[in-house]
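What follows is the content of start_33.pdb (PDB, C-alpha atoms and all ligand atoms).
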ATOM      1  CA  MET A   1       0.000   0.000   0.000
ATOM      2  CA  ASN A   2       2.930   2.362  -0.530
ATOM      3  CA  GLN A   3       1.612   3.586  -3.898
ATOM      4  CA  HIS A   4      -0.175   6.913  -3.883
ATOM      5  CA  PRO A   5      -3.245   6.563  -6.067
ATOM      6  CA  GLY A   6      -3.438   9.619  -8.294
ATOM      7  CA  ILE A   7      -7.109  10.517  -8.399
ATOM      8  CA  ASP A   8      -9.862   9.770  -5.850
ATOM      9  CA  PRO A   9      -7.824   7.786  -3.312
ATOM     10  CA  PRO A  10     -10.410   5.701  -1.399
ATOM     11  CA  PRO A  11     -10.572   5.809   2.412
ATOM     12  CA  PHE A  12      -8.340   3.136   3.939
ATOM     13  CA  THR A  13      -8.322   1.299   7.238
ATOM     14  CA  THR A  14      -5.142   0.651   9.131
ATOM     15  CA  THR A  15      -3.681   0.611  12.638
ATOM     16  CA  VAL A  16      -2.050   3.332  14.710
ATOM     17  CA  VAL A  17       1.500   2.144  15.387
ATOM     18  CA  GLY A  18       2.871   5.214  17.137
ATOM     19  CA  LYS A  19       2.355   8.809  18.214
ATOM     20  CA  LEU A  20       4.660  11.780  18.479
ATOM     21  CA  GLU A  21       3.260  15.021  19.874
ATOM     22  CA  ASN A  22       0.219  15.705  17.692
ATOM     23  CA  SER A  23       1.070  13.254  14.922
ATOM     24  CA  LEU A  24       0.166   9.655  14.239
ATOM     25  CA  PHE A  25       2.198   6.936  12.570
ATOM     26  CA  LEU A  26       0.135   4.376  10.684
ATOM     27  CA  ARG A  27       0.959   0.804   9.684
ATOM     28  CA  GLU A  28       0.123   1.665   6.069
ATOM     29  CA  SER A  29      -0.786   4.883   4.353
ATOM     30  CA  THR A  30      -1.755   5.999   0.873
ATOM     31  CA  CYS A  31      -1.450   9.650   1.909
ATOM     32  CA  TYR A  32       0.938  11.742  -0.154
ATOM     33  CA  PRO A  33       3.514  13.417   2.105
ATOM     34  CA  ARG A  34       4.619  16.947   1.124
ATOM     35  CA  GLY A  35       7.536  16.829  -1.313
ATOM     36  CA  GLY A  36       8.834  17.838  -4.721
ATOM     37  CA  GLY A  37       6.738  21.009  -4.719
ATOM     38  CA  GLN A  38       3.495  19.094  -4.154
ATOM     39  CA  PRO A  39       1.656  19.712  -0.861
ATOM     40  CA  GLY A  40       0.861  16.739   1.369
ATOM     41  CA  ASP A  41      -2.661  15.366   1.683
ATOM     42  CA  THR A  42      -5.151  16.506   4.305
ATOM     43  CA  GLY A  43      -8.332  14.775   5.457
ATOM     44  CA  LYS A  44      -9.839  13.052   8.461
ATOM     45  CA  ILE A  45      -8.844  10.165  10.718
ATOM     46  CA  SER A  46     -11.599   8.321  12.620
ATOM     47  CA  VAL A  47     -11.433   5.493  15.132
ATOM     48  CA  ILE A  48     -13.253   2.350  14.099
ATOM     49  CA  ASP A  49     -14.023  -0.456  16.536
ATOM     50  CA  ASP A  50     -14.726  -2.986  13.848
ATOM     51  CA  PRO A  51     -12.895  -2.514  10.531
ATOM     52  CA  SER A  52     -15.681  -4.338   8.623
ATOM     53  CA  ASN A  53     -18.234  -1.886   9.966
ATOM     54  CA  MET A  54     -17.003   1.299   8.325
ATOM     55  CA  ASP A  55     -20.415   2.942   8.163
ATOM     56  CA  ASN A  56     -21.288   2.629  11.814
ATOM     57  CA  SER A  57     -21.808   6.262  12.751
ATOM     58  CA  ALA A  58     -21.413   5.632  16.475
ATOM     59  CA  SER A  59     -17.962   4.162  16.036
ATOM     60  CA  LYS A  60     -16.931   7.139  13.907
ATOM     61  CA  SER A  61     -17.673   9.607  16.690
ATOM     62  CA  ILE A  62     -13.996   9.783  17.636
ATOM     63  CA  SER A  63     -12.291  11.603  14.821
ATOM     64  CA  SER A  64      -9.846  14.376  14.114
ATOM     65  CA  ASN A  65      -8.877  16.502  11.157
ATOM     66  CA  MET A  66      -5.705  15.323   9.500
ATOM     67  CA  LYS A  67      -3.484  18.287   8.689
ATOM     68  CA  GLU A  68      -0.931  18.309   5.878
ATOM     69  CA  VAL A  69       0.837  14.939   5.816
ATOM     70  CA  LEU A  70       4.630  15.251   6.004
ATOM     71  CA  PRO A  71       7.559  13.080   4.978
ATOM     72  CA  GLY A  72       9.751  11.271   7.501
ATOM     73  CA  LYS A  73      11.305   7.891   8.167
ATOM     74  CA  MET A  74       7.649   6.976   8.638
ATOM     75  CA  ILE A  75       5.026   9.238   7.071
ATOM     76  CA  ILE A  76       3.837  11.821   9.623
ATOM     77  CA  HIS A  77       0.059  12.315   9.921
ATOM     78  CA  PRO A  78      -0.500  15.462  12.019
ATOM     79  CA  VAL A  79      -3.927  15.611  13.695
ATOM     80  CA  ASP A  80      -5.760  18.251  15.744
ATOM     81  CA  ASP A  81      -5.755  16.059  18.834
ATOM     82  CA  ALA A  82      -3.580  12.957  19.023
ATOM     83  CA  SER A  83      -4.773  12.215  22.576
ATOM     84  CA  LEU A  84      -7.985  10.835  21.038
ATOM     85  CA  PHE A  85      -5.971   7.966  19.559
ATOM     86  CA  SER A  86      -3.951   5.150  21.049
ATOM     87  CA  GLU A  87      -1.456   2.638  19.696
ATOM     88  CA  GLY A  88      -3.014  -0.500  18.273
ATOM     89  CA  GLN A  89      -6.290   1.235  17.453
ATOM     90  CA  LYS A  90      -7.955   0.589  14.090
ATOM     91  CA  ILE A  91      -8.613   3.780  12.199
ATOM     92  CA  LEU A  92     -10.208   4.924   8.976
ATOM     93  CA  CYS A  93      -8.271   7.575   7.068
ATOM     94  CA  SER A  94     -10.189   9.645   4.512
ATOM     95  CA  ILE A  95      -8.140  11.854   2.211
ATOM     96  CA  ASP A  96      -9.665  15.154   1.026
ATOM     97  CA  ASN A  97     -10.122  14.022  -2.571
ATOM     98  CA  ASP A  98     -11.005  17.378  -4.150
ATOM     99  CA  ARG A  99      -7.768  18.849  -2.884
ATOM    100  CA  ARG A 100      -5.707  15.774  -3.792
ATOM    101  CA  ASN A 101      -7.247  15.540  -7.279
ATOM    102  CA  SER A 102      -6.451  19.165  -7.937
ATOM    103  CA  HIS A 103      -2.822  18.669  -6.849
ATOM    104  CA  THR A 104      -2.565  15.556  -9.034
ATOM    105  CA  MET A 105      -3.849  17.386 -12.114
ATOM    106  CA  MET A 106      -1.721  20.478 -11.409
ATOM    107  CA  HIS A 107       1.376  18.353 -10.836
ATOM    108  CA  THR A 108       0.910  16.325 -14.020
ATOM    109  CA  ALA A 109       0.395  19.592 -15.918
ATOM    110  CA  GLN A 110       3.690  20.777 -14.425
ATOM    111  CA  HIS A 111       5.507  17.777 -15.952
ATOM    112  CA  ILE A 112       4.145  18.791 -19.356
ATOM    113  CA  PHE A 113       4.928  22.483 -18.803
ATOM    114  CA  SER A 114       8.510  21.713 -17.754
ATOM    115  CA  ALA A 115       9.172  19.164 -20.504
ATOM    116  CA  LEU A 116       7.867  21.448 -23.251
ATOM    117  CA  SER A 117       9.754  24.478 -21.895
ATOM    118  CA  GLU A 118      12.920  22.415 -22.189
ATOM    119  CA  ASP A 119      12.026  21.217 -25.686
ATOM    120  CA  ILE A 120      11.033  24.670 -26.963
ATOM    121  CA  TRP A 121      13.609  26.926 -25.294
ATOM    122  CA  GLY A 122      16.085  24.614 -23.569
ATOM    123  CA  ALA A 123      14.800  26.118 -20.315
ATOM    124  CA  GLU A 124      15.560  24.066 -17.226
ATOM    125  CA  THR A 125      13.021  23.729 -14.415
ATOM    126  CA  VAL A 126      14.822  24.736 -11.220
ATOM    127  CA  GLY A 127      11.845  24.834  -8.859
ATOM    128  CA  ASN A 128       8.100  24.453  -8.657
ATOM    129  CA  GLN A 129       5.233  24.886  -6.238
ATOM    130  CA  ILE A 130       1.936  23.140  -6.821
ATOM    131  CA  GLY A 131      -1.274  24.650  -5.446
ATOM    132  CA  GLU A 132      -4.947  23.784  -5.657
ATOM    133  CA  GLU A 133      -5.842  26.975  -7.553
ATOM    134  CA  ARG A 134      -2.522  28.092  -8.971
ATOM    135  CA  SER A 135       0.880  26.533  -9.566
ATOM    136  CA  ARG A 136       4.236  27.935 -10.576
ATOM    137  CA  VAL A 137       7.366  26.746 -12.285
ATOM    138  CA  ASP A 138      10.783  28.412 -12.043
ATOM    139  CA  LEU A 139      12.569  28.244 -15.373
ATOM    140  CA  LEU A 140      16.235  28.960 -16.052
ATOM    141  CA  PHE A 141      16.918  30.318 -19.550
ATOM    142  CA  GLU A 142      20.093  31.163 -21.365
ATOM    143  CA  ASP A 143      18.206  34.244 -22.556
ATOM    144  CA  LYS A 144      14.845  34.691 -20.869
ATOM    145  CA  SER A 145      13.644  37.265 -23.429
ATOM    146  CA  VAL A 146      12.665  34.282 -25.622
ATOM    147  CA  PHE A 147       9.859  33.358 -23.205
ATOM    148  CA  ASP A 148       6.407  33.730 -24.702
ATOM    149  CA  PRO A 149       3.368  32.695 -22.630
ATOM    150  CA  ASP A 150       1.088  31.953 -25.595
ATOM    151  CA  THR A 151       3.591  29.488 -27.078
ATOM    152  CA  ILE A 152       3.951  27.370 -23.952
ATOM    153  CA  ILE A 153       0.278  27.512 -22.900
ATOM    154  CA  GLU A 154      -0.852  26.459 -26.380
ATOM    155  CA  ALA A 155       1.700  23.628 -26.433
ATOM    156  CA  VAL A 156       0.611  22.410 -22.980
ATOM    157  CA  ASN A 157      -3.074  22.486 -23.925
ATOM    158  CA  THR A 158      -2.398  20.659 -27.187
ATOM    159  CA  THR A 159      -0.670  17.883 -25.206
ATOM    160  CA  ILE A 160      -3.524  17.751 -22.673
ATOM    161  CA  HIS A 161      -6.082  17.433 -25.479
ATOM    162  CA  SER A 162      -4.075  14.726 -27.247
ATOM    163  CA  LYS A 163      -5.225  12.155 -24.644
ATOM    164  CA  ILE A 164      -1.737  10.869 -23.917
ATOM    165  CA  SER A 165      -1.267   7.928 -21.529
ATOM    166  CA  VAL A 166       0.720   8.463 -18.345
ATOM    167  CA  HIS A 167       2.615   5.448 -16.978
ATOM    168  CA  VAL A 168       4.314   4.904 -13.652
ATOM    169  CA  HIS A 169       7.325   2.544 -13.632
ATOM    170  CA  GLU A 170       9.596   1.234 -10.903
ATOM    171  CA  TRP A 171      13.052   1.215 -12.464
ATOM    172  CA  GLY A 172      16.548   0.514 -11.202
ATOM    173  CA  ARG A 173      19.170   3.249 -10.987
ATOM    174  CA  LYS A 174      21.202   1.919 -13.913
ATOM    175  CA  LYS A 175      18.231   1.911 -16.267
ATOM    176  CA  ILE A 176      17.280   5.418 -15.137
ATOM    177  CA  MET A 177      20.765   6.875 -15.494
ATOM    178  CA  SER A 178      21.436   5.270 -18.871
ATOM    179  CA  HIS A 179      18.076   6.025 -20.558
ATOM    180  CA  GLU A 180      18.631   8.556 -23.333
ATOM    181  CA  ASN A 181      15.281  10.310 -22.858
ATOM    182  CA  MET A 182      15.443  10.565 -19.066
ATOM    183  CA  ARG A 183      15.135  14.086 -17.658
ATOM    184  CA  HIS A 184      15.967  15.458 -14.202
ATOM    185  CA  THR A 185      18.587  12.964 -13.067
ATOM    186  CA  LYS A 186      20.756  15.646 -11.427
ATOM    187  CA  PHE A 187      19.342  14.970  -7.972
ATOM    188  CA  MET A 188      19.914  11.201  -8.132
ATOM    189  CA  HIS A 189      23.143  11.365  -6.123
ATOM    190  CA  ARG A 190      21.192  12.755  -3.167
ATOM    191  CA  ILE A 191      19.041   9.631  -2.890
ATOM    192  CA  PRO A 192      20.583   7.074  -0.501
ATOM    193  CA  GLU A 193      22.264   4.111  -2.224
ATOM    194  CA  VAL A 194      20.034   1.665  -0.337
ATOM    195  CA  ILE A 195      17.170   2.807  -2.549
ATOM    196  CA  THR A 196      17.820   0.718  -5.635
ATOM    197  CA  HIS A 197      14.577   1.344  -7.511
ATOM    198  CA  LEU A 198      12.738   4.597  -8.087
ATOM    199  CA  ARG A 199       9.405   5.574  -9.477
ATOM    200  CA  VAL A 200       9.672   6.897 -13.012
ATOM    201  CA  VAL A 201       6.818   8.803 -14.615
ATOM    202  CA  GLU A 202       6.332   8.596 -18.361
ATOM    203  CA  ILE A 203       3.988  10.818 -20.323
ATOM    204  CA  GLU A 204       4.286   9.011 -23.647
ATOM    205  CA  GLY A 205       6.526  10.925 -26.021
ATOM    206  CA  VAL A 206       6.460  14.038 -23.808
ATOM    207  CA  ASP A 207       8.250  13.412 -20.531
ATOM    208  CA  LEU A 208      10.206  10.733 -18.732
ATOM    209  CA  CYS A 209      11.671  11.424 -15.302
ATOM    210  CA  PRO A 210      12.014  10.056 -11.784
ATOM    211  CA  CYS A 211       9.172  11.444  -9.648
ATOM    212  CA  ALA A 212       7.403  10.427  -6.448
ATOM    213  CA  GLY A 213       4.416  12.746  -6.865
ATOM    214  CA  THR A 214       0.848  11.819  -7.835
ATOM    215  CA  HIS A 215      -0.284  11.703 -11.464
ATOM    216  CA  VAL A 216      -3.365  11.243 -13.636
ATOM    217  CA  SER A 217      -3.374   8.177 -15.926
ATOM    218  CA  ASN A 218      -4.224  10.154 -19.079
ATOM    219  CA  THR A 219      -3.589  13.793 -19.962
ATOM    220  CA  SER A 220      -7.255  14.201 -20.954
ATOM    221  CA  MET A 221      -8.072  14.223 -17.220
ATOM    222  CA  ILE A 222      -6.303  17.590 -16.860
ATOM    223  CA  PRO A 223      -8.374  20.767 -17.421
ATOM    224  CA  LYS A 224      -7.189  23.373 -19.889
ATOM    225  CA  VAL A 225      -4.478  25.615 -18.411
ATOM    226  CA  LYS A 226      -4.187  29.398 -18.636
ATOM    227  CA  TYR A 227      -1.291  31.744 -18.035
ATOM    228  CA  ALA A 228      -1.353  33.537 -14.671
ATOM    229  CA  GLY A 229       1.712  35.775 -14.816
ATOM    230  CA  LYS A 230       5.487  35.826 -14.530
ATOM    231  CA  LYS A 231       8.035  37.216 -12.116
ATOM    232  CA  ASN A 232      11.707  37.915 -12.630
ATOM    233  CA  LYS A 233      13.774  35.797 -10.266
ATOM    234  CA  GLY A 234      17.291  36.915 -11.168
ATOM    235  CA  LYS A 235      19.564  36.350 -14.127
ATOM    236  CA  GLY A 236      17.965  34.016 -16.662
ATOM    237  CA  ARG A 237      15.221  33.007 -14.237
ATOM    238  CA  LEU A 238      11.486  33.416 -14.583
ATOM    239  CA  ARG A 239       8.734  32.234 -12.255
ATOM    240  CA  ILE A 240       5.745  31.341 -14.432
ATOM    241  CA  SER A 241       2.297  30.778 -12.891
ATOM    242  CA  TYR A 242      -0.621  28.884 -14.379
ATOM    243  CA  GLU A 243      -4.195  28.109 -13.401
ATOM    244  CA  PHE A 244      -6.957  25.907 -14.745
ATOM    245  CA  GLU A 245      -9.612  27.516 -16.919
TER
HETATM  246 ZN    ZN B 301       5.491  13.814 -11.012
END
Spit out the file's structure as structure tokens when you get a sec.
Amino acid sequence: MNQHPGIDPPPFTTTVVGKLENSLFLRESTCYPRGGGQPGDTGKISVIDDPSNMDNSASKSISSNMKEVLPGKMIIHPVDDASLFSEGQKILCSIDNDRRNSHTMMHTAQHIFSALSEDIWGAETVGNQIGEERSRVDLLFEDKSVFDPDTIIEAVNTTIHSKISVHVHEWGRKKIMSHENMRHTKFMHRIPEVITHLRVVEIEGVDLCPCAGTHVSNTSMIPKVKYAGKKNKGKGRLRISYEFE
């Protein structure tokens, strides 16, 4: 259960295996922890007495909001009040799907935006921040005067409308480092050697790169994007924002 389903992650039952201040550690979790510019999931955690009886309203009376899930040796699930929970308890975790779905679509759009910016202008993505309403990509150009919003937005929307399949692979380091179409391998040296396989995201013919974020399975699931402004961020750098129409 360590995969993060992209869209509409269903509620899952699991067991509380530890607590630290106002956070819970769970035996399993499909929550996405903040990382790579994508915010962590939020939602609700409820105690259930009988895992087969998920709709029993009485047993759901003990519950707490789950705040943004964070990365750690074990995924950190911050809650409003951890004292409501105890180790060994069965819980039901419900992810806020509207928020997650929006992040998934925004993040997949960012792959397309970054890949096409590289193809069109040779611009490298040096940062990004995904949001529910608006996302941004920091691009590094040799000469940023070449940037033209209409060109990239039209190219991104053409890709979205082309109904392109998105695949998630688990590949070994060697295959990743030696693949001629692989993008964004610069950070690979920062990943501990014990991790031999990484998730690779492929948007057929558009992008191929290691990524642990959440993704749609077809680009047609992404709404049309629109340009939402740019900011100068120093020599050669532009921060470009986009929204969904
Ligand atoms: Zn990704």
Selection result for the PyMOL selection byres (((not hetatm)) within 12 of (chain B and resi 301)) on this file, as JSON, numbers by chain: {"A": [4, 6, 32, 35, 36, 37, 38, 103, 104, 105, 106, 107, 108, 109, 110, 111, 112, 113, 114, 115, 128, 130, 166, 167, 168, 169, 183, 184, 199, 200, 201, 202, 203, 207, 208, 209, 210, 211, 212, 213, 214, 215, 216, 217]}
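Going from atom CA of Glu21 of chain A over to atom CA of Asp81 of chain A, you cover 9.1 Å.
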Selection as a PyMOL selection string: residues within 10 Å of (-0.9, 12.7, 9.1), counting all atoms listed in the file: chain A and resi 22-26+29+31-33+40-45+65-71+75-80+93
Non-local contacts of Asn157 of chain A (10 Å; all atoms listed in the file; under 3 positions in same chain excluded) as an MDAnalysis selection string: chainID A and resid 109 112:113 152:154 160:162 219:220 222:226
Interatomic distance (Å, one decimal) between atom CA of Ile62 of chain A and atom CA of Phe12 of chain A: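 Distance between the two atoms: 16.2 Å.
Atom pair atom CA of Phe244 of chain A / atom CA of Glu133 of chain A: separated by 7.4 Å.
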Residues matched by the PyMOL selection byres (((chain A and resi 234) around 12) and not hetatm), written as a compact mmCIF listing (two decimals) with C-alpha atoms, in the coordinates of the input:
# COMPACT_ATOMS: atom_id res chain seq x y z
CA ASP A 138 10.78 28.41 -12.04
CA LEU A 139 12.57 28.24 -15.37
CA LEU A 140 16.24 28.96 -16.05
CA PHE A 141 16.92 30.32 -19.55
CA ASP A 143 18.21 34.24 -22.56
CA LYS A 144 14.84 34.69 -20.87
CA LYS A 231 8.04 37.22 -12.12
CA ASN A 232 11.71 37.92 -12.63
CA LYS A 233 13.77 35.80 -10.27
CA LYS A 235 19.56 36.35 -14.13
CA GLY A 236 17.96 34.02 -16.66
CA ARG A 237 15.22 33.01 -14.24
CA LEU A 238 11.49 33.42 -14.58
CA ARG A 239 8.73 32.23 -12.26
Selection result of the PyMOL selection byres (((chain A and resi 88) around 6) and not hetatm) on this file, as a ChimeraX atom specification: /A:15-17,87,89
Okay, now the selection with C-alpha atoms, as an mmCIF file, in the coordinates of the input?
data_model
loop_
_atom_site.group_PDB
_atom_site.id
_atom_site.type_symbol
_atom_site.label_atom_id
_atom_site.label_comp_id
_atom_site.auth_asym_id
_atom_site.auth_seq_id
_atom_site.Cartn_x
_atom_site.Cartn_y
_atom_site.Cartn_z
ATOM 1 C CA THR A 15 -3.681 0.611 12.638
ATOM 2 C CA VAL A 16 -2.050 3.332 14.710
ATOM 3 C CA VAL A 17 1.500 2.144 15.387
ATOM 4 C CA GLU A 87 -1.456 2.638 19.696
ATOM 5 C CA GLN A 89 -6.290 1.235 17.453
#
Of the listed residues A:Ser165, A:Thr125, A:Ser61, A:Tyr242, that which approaches Asp150 of chain A most closely, counting all atoms listed in the file: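 Residue with the minimum atom-to-atom distance to Asp150 of chain A: A:Tyr242.
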Counting all atoms listed in the file, the residue of A:Asn218, A:Met177, A:Pro10, A:Val206 that sits nearest Asn97 of chain A: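 Nearest to Asn97 of chain A: A:Pro10.
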Top pick for closest residue to Arg134 of chain A, considering A:Ser46, A:Ser102, A:Ser241, A:Thr159 and counting all atoms listed in the file: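 Using all atoms listed in the file, the shortest distance to Arg134 of chain A belongs to A:Ser241.
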The centre and edge lengths of an axis-aligned box containing all atoms of segment 19-35 of chain A present in the file, extended by 5 Å on each side, are to be given in Å to one decimal, as AutoDock Vina command-line options.
--center_x 2.9 --center_y 8.9 --center_z 9.3 --size_x 19.3 --size_y 26.1 --size_z 31.2
Nearby residues (all atoms listed in the file) at most 12 Å from Lys175 of chain A, same-chain spacing under 3 positions excluded, as number ranges by chain: A: 169-172, 178-182, 185, 196-200, 209-210
Best match for closeness to Arg27 of chain A among A:Val156, A:Ile195, A:Ala228, A:Leu92, counting all atoms listed in the file: A:Leu92
Selected residue, from A:Val47, A:Val194, A:Leu116, A:Ile91, that lies nearest to Thr158 of chain A when counting all atoms listed in the file: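 Among the listed residues, A:Leu116 lies closest to Thr158 of chain A.
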